[in-house]
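Worksheet for the structure shown next.
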Amino acid sequence: MNPRYAVHAFLGRHNFQAGGPSVNSIIQTMMYDMEEGLVRDPSNPPAQGPSMDMIPTWAVPPKSSPKNKSVIVIDAGGTNFRSCLVTFDANGTPTISDMEKKAMPATDREYTKKEFFETIASFLDHLKNKADLIGFCFSYAMSITPEGDGKVIQFSKEIKAKEVIGSLVGESLSDALVERGWNRPKKVVLLNDTTAALLAGASAATNGKEYDSYVGFILGTGMNAAYIESGAIPKIASLGAPAPESQIIVCESGKCNKVARSDFDAVLDNSTNSPGLYGYEKMCSGAYLGPVSRLALVEAAKEGLFSSAVSAKLAAVDTLELKDMDQFFYGPYRTDTKLGAILAAGNEADRETAFRLLDAFVERSARLAAANIAAAIIKSGKGTSPVRPVSVLCEGTTFLRTHNLRERVTGYLNQALTEERGIWYEIVTMDNAVTLGSAVAGLI
């Protein structure tokens, strides 16, 4: 049995495109969702109308870095909760201090609203009253108020805190901090991690470099993108607050529901904390790549793609994480890894079949990521000159570390944007990007 043919046939039987979906087709699908999402908010669960929230932030990157100011920064991500103090000196150079990392609350069990914010407040004891401004990167769907607070729309990444949905995060946190003896913060600015990445990218225009616009992209535990919209945003026209000429839009692109799913995706979706939502994210982000690939491996073993010795061992695998896949990709002949130990009992065809099967999921993730970035750049309307490309600050361990993913994303972007559309871009990475972007947001 030829592993290449067998894997393609197996995936096809289960409605999975072995070579990956068309990047241009996904771009057009996302453009529909983006344009419609600026007109009206999606229904829940979303149907044929918009599924991406397209959240206005009422903010744009500042023209210069803050100077002689300090701000408390909170980063609540899919796995970790980080907090620190960021101080900008007289030249606008930032220094990060008092950094602490905890496990993100509500990842293990259901939290009440009071318990959720009390826990977050307790995580900040080491920063008590060290600054009166807070930049809070809250990496979940929120509607941003003109004052900079955020009302929770929906949790993703398997966070369990239903009572928090509909709450104003900044106001609720301020109340919890006061209960712990803090002075009430002057302001708590809420932003998404993609907004933070975008703002950090804006600070990279130095040493003669100029960018036409900015995009923030996250592919880690979850996935999302943000860009700067210069057109009218019909759905905020009735709010009464004056809208800026341009502003950062958080797409919530992981909620796109118009890309074909495989049998494995449907099974995985039904096992999550949010069935029917975040379909795009569940097809390509780090929290789900391992679990959905495990479903395919187990089914392939049942259908005879592996030798009997390997099939028996794969059937017993109850968990698989992206790190397990990466250990195999980077060292296919290692025997001290989860997959390597299993495949050591088989033959060369087993090893090649496993690699090709798992790599198909990484390939799909790369195509979905490239389409997401490309759609955000196209929607910005910028990047038509090579001397002023669009800055795309990319964050997230899935993007930065997954075997061959970043290289594939760049290749698809070159083709879809520069070669086919004459749009220029530049991938930017930066240490502590989300932290520094959140600090800037807290001081805008």
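Chain labels follow the order of the structure tokens: the first chain is A, the next B, and so on; residue numbering restarts at 1 in every chain, and ligands are counted from 1 in their shown order.
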Polymer residues at most 7 Å from range 243-249 of chain A, only C-alpha atoms, same-chain spacing of 4 or more positions, as number ranges by chain
A: 54-60, 226-230
Convert the current residue selection to file output with N, CA and C atoms, as a short mmCIF file (atom, residue, chain, number, x, y, z; two decimals), in the first residue's frame.
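What follows is the written file selection_35.cif:
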```cif
data_model
loop_
_atom_site.label_atom_id
_atom_site.label_comp_id
_atom_site.auth_asym_id
_atom_site.auth_seq_id
_atom_site.Cartn_x
_atom_site.Cartn_y
_atom_site.Cartn_z
N MET A 54 -16.58 41.32 14.02
CA MET A 54 -16.07 42.58 13.46
C MET A 54 -16.27 43.72 14.47
N ILE A 55 -15.49 43.66 15.55
CA ILE A 55 -15.68 44.52 16.71
C ILE A 55 -14.90 45.83 16.56
N PRO A 56 -15.59 46.98 16.51
CA PRO A 56 -14.88 48.27 16.51
C PRO A 56 -14.21 48.50 17.86
N THR A 57 -13.02 49.05 17.85
CA THR A 57 -12.29 49.31 19.10
C THR A 57 -12.24 50.79 19.46
N TRP A 58 -12.64 51.67 18.54
CA TRP A 58 -12.60 53.12 18.75
C TRP A 58 -11.17 53.62 18.95
N ALA A 59 -10.18 52.89 18.49
CA ALA A 59 -8.79 53.26 18.72
C ALA A 59 -7.96 53.06 17.47
N VAL A 60 -6.90 53.85 17.36
CA VAL A 60 -5.89 53.70 16.31
C VAL A 60 -4.52 53.76 16.97
N ALA A 226 -6.77 41.29 13.53
CA ALA A 226 -7.27 42.66 13.64
C ALA A 226 -6.61 43.49 12.56
N TYR A 227 -7.31 44.50 12.07
CA TYR A 227 -6.78 45.39 11.03
C TYR A 227 -7.36 46.77 11.25
N ILE A 228 -6.93 47.75 10.45
CA ILE A 228 -7.44 49.12 10.57
C ILE A 228 -8.42 49.38 9.43
N GLU A 229 -9.66 49.69 9.79
CA GLU A 229 -10.72 49.97 8.83
C GLU A 229 -10.85 51.48 8.65
N SER A 230 -10.85 51.91 7.39
CA SER A 230 -10.99 53.33 7.09
C SER A 230 -12.34 53.68 6.51
#
```
So that I can check the surroundings of Pro50 in chain A, please list as a CSV table (one decimal) with C-alpha atoms, in the first residue's frame every protein, DNA and RNA residue that reaches within 10 Å of it, counting only C-alpha atoms and ignoring chain neighbours fewer than 6 positions away.
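Result written to result.csv:
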```
chain,number,residue,atom,x,y,z
A,30,MET,CA,-13.9,35.7,4.8
A,32,TYR,CA,-18.1,38.3,2.8
A,33,ASP,CA,-18.2,37.7,6.5
A,34,MET,CA,-16.1,40.8,7.2
A,35,GLU,CA,-18.2,43.2,5.1
A,36,GLU,CA,-21.5,41.9,6.5
A,37,GLY,CA,-20.1,41.9,10.0
A,38,LEU,CA,-19.5,45.7,9.8
A,39,VAL,CA,-23.2,46.1,8.9
A,40,ARG,CA,-24.8,43.9,11.6
A,41,ASP,CA,-23.7,41.7,14.4
A,42,PRO,CA,-24.0,37.9,13.9
A,43,SER,CA,-26.9,35.9,15.3
A,255,LYS,CA,-16.0,32.2,14.4
A,256,CYS,CA,-16.2,32.0,10.6
A,257,ASN,CA,-18.7,29.2,9.8
A,258,LYS,CA,-18.5,29.0,6.0
```
Please determine, counting only C-alpha atoms, which residue among A:Pro3, A:Gly77, A:Pro234, A:Gly286 has the shortest atom-to-atom distance to Ala354 in chain A.
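Checking each of A:Pro3, A:Gly77, A:Pro234, A:Gly286 against Ala354 in chain A, counting only C-alpha atoms, the winner is A:Pro3.
Using only C-alpha atoms, the residues found no farther than 12 Å from Arg109 in chain A, other than those of its own chain fewer than 3 positions away, are Met104, Pro105, Ala106, Thr112, Glu115, Phe116, Glu158, Ile159, Lys160, Ala161, Lys162 and Asn273 of chain A.
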Take the residues that were just selected and, keeping C-alpha atoms, output them as a PDB file, in the first residue's frame.
```
ATOM      1  CA  MET A 104      -5.892  31.090  33.266  1.00  0.00           C
ATOM      2  CA  PRO A 105      -8.981  30.918  35.536  1.00  0.00           C
ATOM      3  CA  ALA A 106     -11.965  28.800  34.434  1.00  0.00           C
ATOM      4  CA  THR A 112     -19.232  32.185  38.753  1.00  0.00           C
ATOM      5  CA  GLU A 115     -15.303  34.010  41.558  1.00  0.00           C
ATOM      6  CA  PHE A 116     -13.842  34.806  38.134  1.00  0.00           C
ATOM      7  CA  GLU A 158     -12.746  25.988  26.519  1.00  0.00           C
ATOM      8  CA  ILE A 159     -13.098  28.722  29.172  1.00  0.00           C
ATOM      9  CA  LYS A 160     -15.968  27.863  31.545  1.00  0.00           C
ATOM     10  CA  ALA A 161     -17.526  31.033  32.987  1.00  0.00           C
ATOM     11  CA  LYS A 162     -21.006  31.499  31.525  1.00  0.00           C
ATOM     12  CA  ASN A 273     -17.528  23.463  25.381  1.00  0.00           C
TER      13      ASN A 273
END
```
From the set A:Tyr333, A:Ile134, A:Leu239, A:Phe361, which residue has the shortest atom-to-atom contact distance to Val188 in chain A, counting only C-alpha atoms?
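Of A:Tyr333, A:Ile134, A:Leu239, A:Phe361, the one nearest Val188 in chain A, counting only C-alpha atoms, is A:Ile134.
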From the options A:Leu11, A:Glu395, A:Gly304, A:Arg334, which residue's atoms come nearest to Asp359 in chain A, counting only C-alpha atoms?
A:Leu11
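Distances to Thr194 in chain A were evaluated for A:Thr206, A:Thr93, A:Ser438, A:Thr418 using only C-alpha atoms, and the minimum falls at A:Ser438.
Closest approach to Pro291 in chain A among A:Ser203, A:Asn192, A:Val317, A:Arg401 is made by A:Val317 (distances from only C-alpha atoms).
Inside range 178-222 of chain A, the residues DSSP reads as helix (DSSP H, G or I) when given the backbone are A:Val178, A:Glu179, A:Asp193, A:Thr194, A:Thr195, A:Ala196, A:Ala197, A:Leu198, A:Leu199, A:Ala200, A:Gly201, A:Ala202.
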For the selection you just gave me, I'd like the residues written to a file as a PDB file, in the first residue's frame, keeping N, CA and C atoms.
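The result, stored in out-v7.pdb:
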```pdb
ATOM      1  N   VAL A 178     -10.995  47.046  44.256  1.00  0.00           N
ATOM      2  CA  VAL A 178     -11.341  47.908  45.395  1.00  0.00           C
ATOM      3  C   VAL A 178     -11.666  47.067  46.620  1.00  0.00           C
ATOM      4  N   GLU A 179     -12.357  45.946  46.410  1.00  0.00           N
ATOM      5  CA  GLU A 179     -12.671  45.045  47.521  1.00  0.00           C
ATOM      6  C   GLU A 179     -11.411  44.472  48.166  1.00  0.00           C
ATOM      7  N   ASP A 193      -5.943  40.351  22.048  1.00  0.00           N
ATOM      8  CA  ASP A 193      -4.520  40.127  21.783  1.00  0.00           C
ATOM      9  C   ASP A 193      -4.126  40.520  20.363  1.00  0.00           C
ATOM     10  N   THR A 194      -5.069  40.449  19.423  1.00  0.00           N
ATOM     11  CA  THR A 194      -4.739  40.874  18.061  1.00  0.00           C
ATOM     12  C   THR A 194      -4.559  42.386  17.985  1.00  0.00           C
ATOM     13  N   THR A 195      -5.358  43.138  18.749  1.00  0.00           N
ATOM     14  CA  THR A 195      -5.168  44.586  18.822  1.00  0.00           C
ATOM     15  C   THR A 195      -3.815  44.900  19.442  1.00  0.00           C
ATOM     16  N   ALA A 196      -3.462  44.177  20.495  1.00  0.00           N
ATOM     17  CA  ALA A 196      -2.167  44.375  21.135  1.00  0.00           C
ATOM     18  C   ALA A 196      -1.036  44.103  20.147  1.00  0.00           C
ATOM     19  N   ALA A 197      -1.157  43.024  19.379  1.00  0.00           N
ATOM     20  CA  ALA A 197      -0.128  42.708  18.382  1.00  0.00           C
ATOM     21  C   ALA A 197      -0.035  43.809  17.332  1.00  0.00           C
ATOM     22  N   LEU A 198      -1.187  44.292  16.879  1.00  0.00           N
ATOM     23  CA  LEU A 198      -1.200  45.367  15.887  1.00  0.00           C
ATOM     24  C   LEU A 198      -0.498  46.612  16.427  1.00  0.00           C
ATOM     25  N   LEU A 199      -0.822  46.995  17.663  1.00  0.00           N
ATOM     26  CA  LEU A 199      -0.204  48.183  18.266  1.00  0.00           C
ATOM     27  C   LEU A 199       1.298  47.994  18.439  1.00  0.00           C
ATOM     28  N   ALA A 200       1.714  46.788  18.801  1.00  0.00           N
ATOM     29  CA  ALA A 200       3.150  46.515  18.915  1.00  0.00           C
ATOM     30  C   ALA A 200       3.822  46.628  17.549  1.00  0.00           C
ATOM     31  N   GLY A 201       3.167  46.127  16.514  1.00  0.00           N
ATOM     32  CA  GLY A 201       3.707  46.225  15.166  1.00  0.00           C
ATOM     33  C   GLY A 201       3.901  47.658  14.714  1.00  0.00           C
ATOM     34  N   ALA A 202       2.992  48.536  15.160  1.00  0.00           N
ATOM     35  CA  ALA A 202       3.086  49.948  14.780  1.00  0.00           C
ATOM     36  C   ALA A 202       4.348  50.584  15.355  1.00  0.00           C
TER      37      ALA A 202
END
```
Once you count only C-alpha atoms, what closest atom pair and distance in Å to one decimal does each residue of range 245-275 of chain A within 12 Å of range 298-302 of chain A have, with rows by chain and rising residue number, as CSV?
```
residue,atom,partner,partner_atom,distance
A:Asp263,CA,A:Glu299,CA,10.6
A:Phe264,CA,A:Glu299,CA,9.2
A:Val267,CA,A:Glu299,CA,11.8
```
Can those selected residues be exported to a file as a PDB file, in the first residue's frame so that it contains C-alpha atoms?
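As a result, selection25.pdb now contains:
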```pdb
ATOM      1  CA  ASP A 263     -16.034  14.301   9.574  1.00  0.00           C
ATOM      2  CA  PHE A 264     -13.288  14.651  12.175  1.00  0.00           C
ATOM      3  CA  VAL A 267     -16.898  14.959  15.929  1.00  0.00           C
TER       4      VAL A 267
END
```
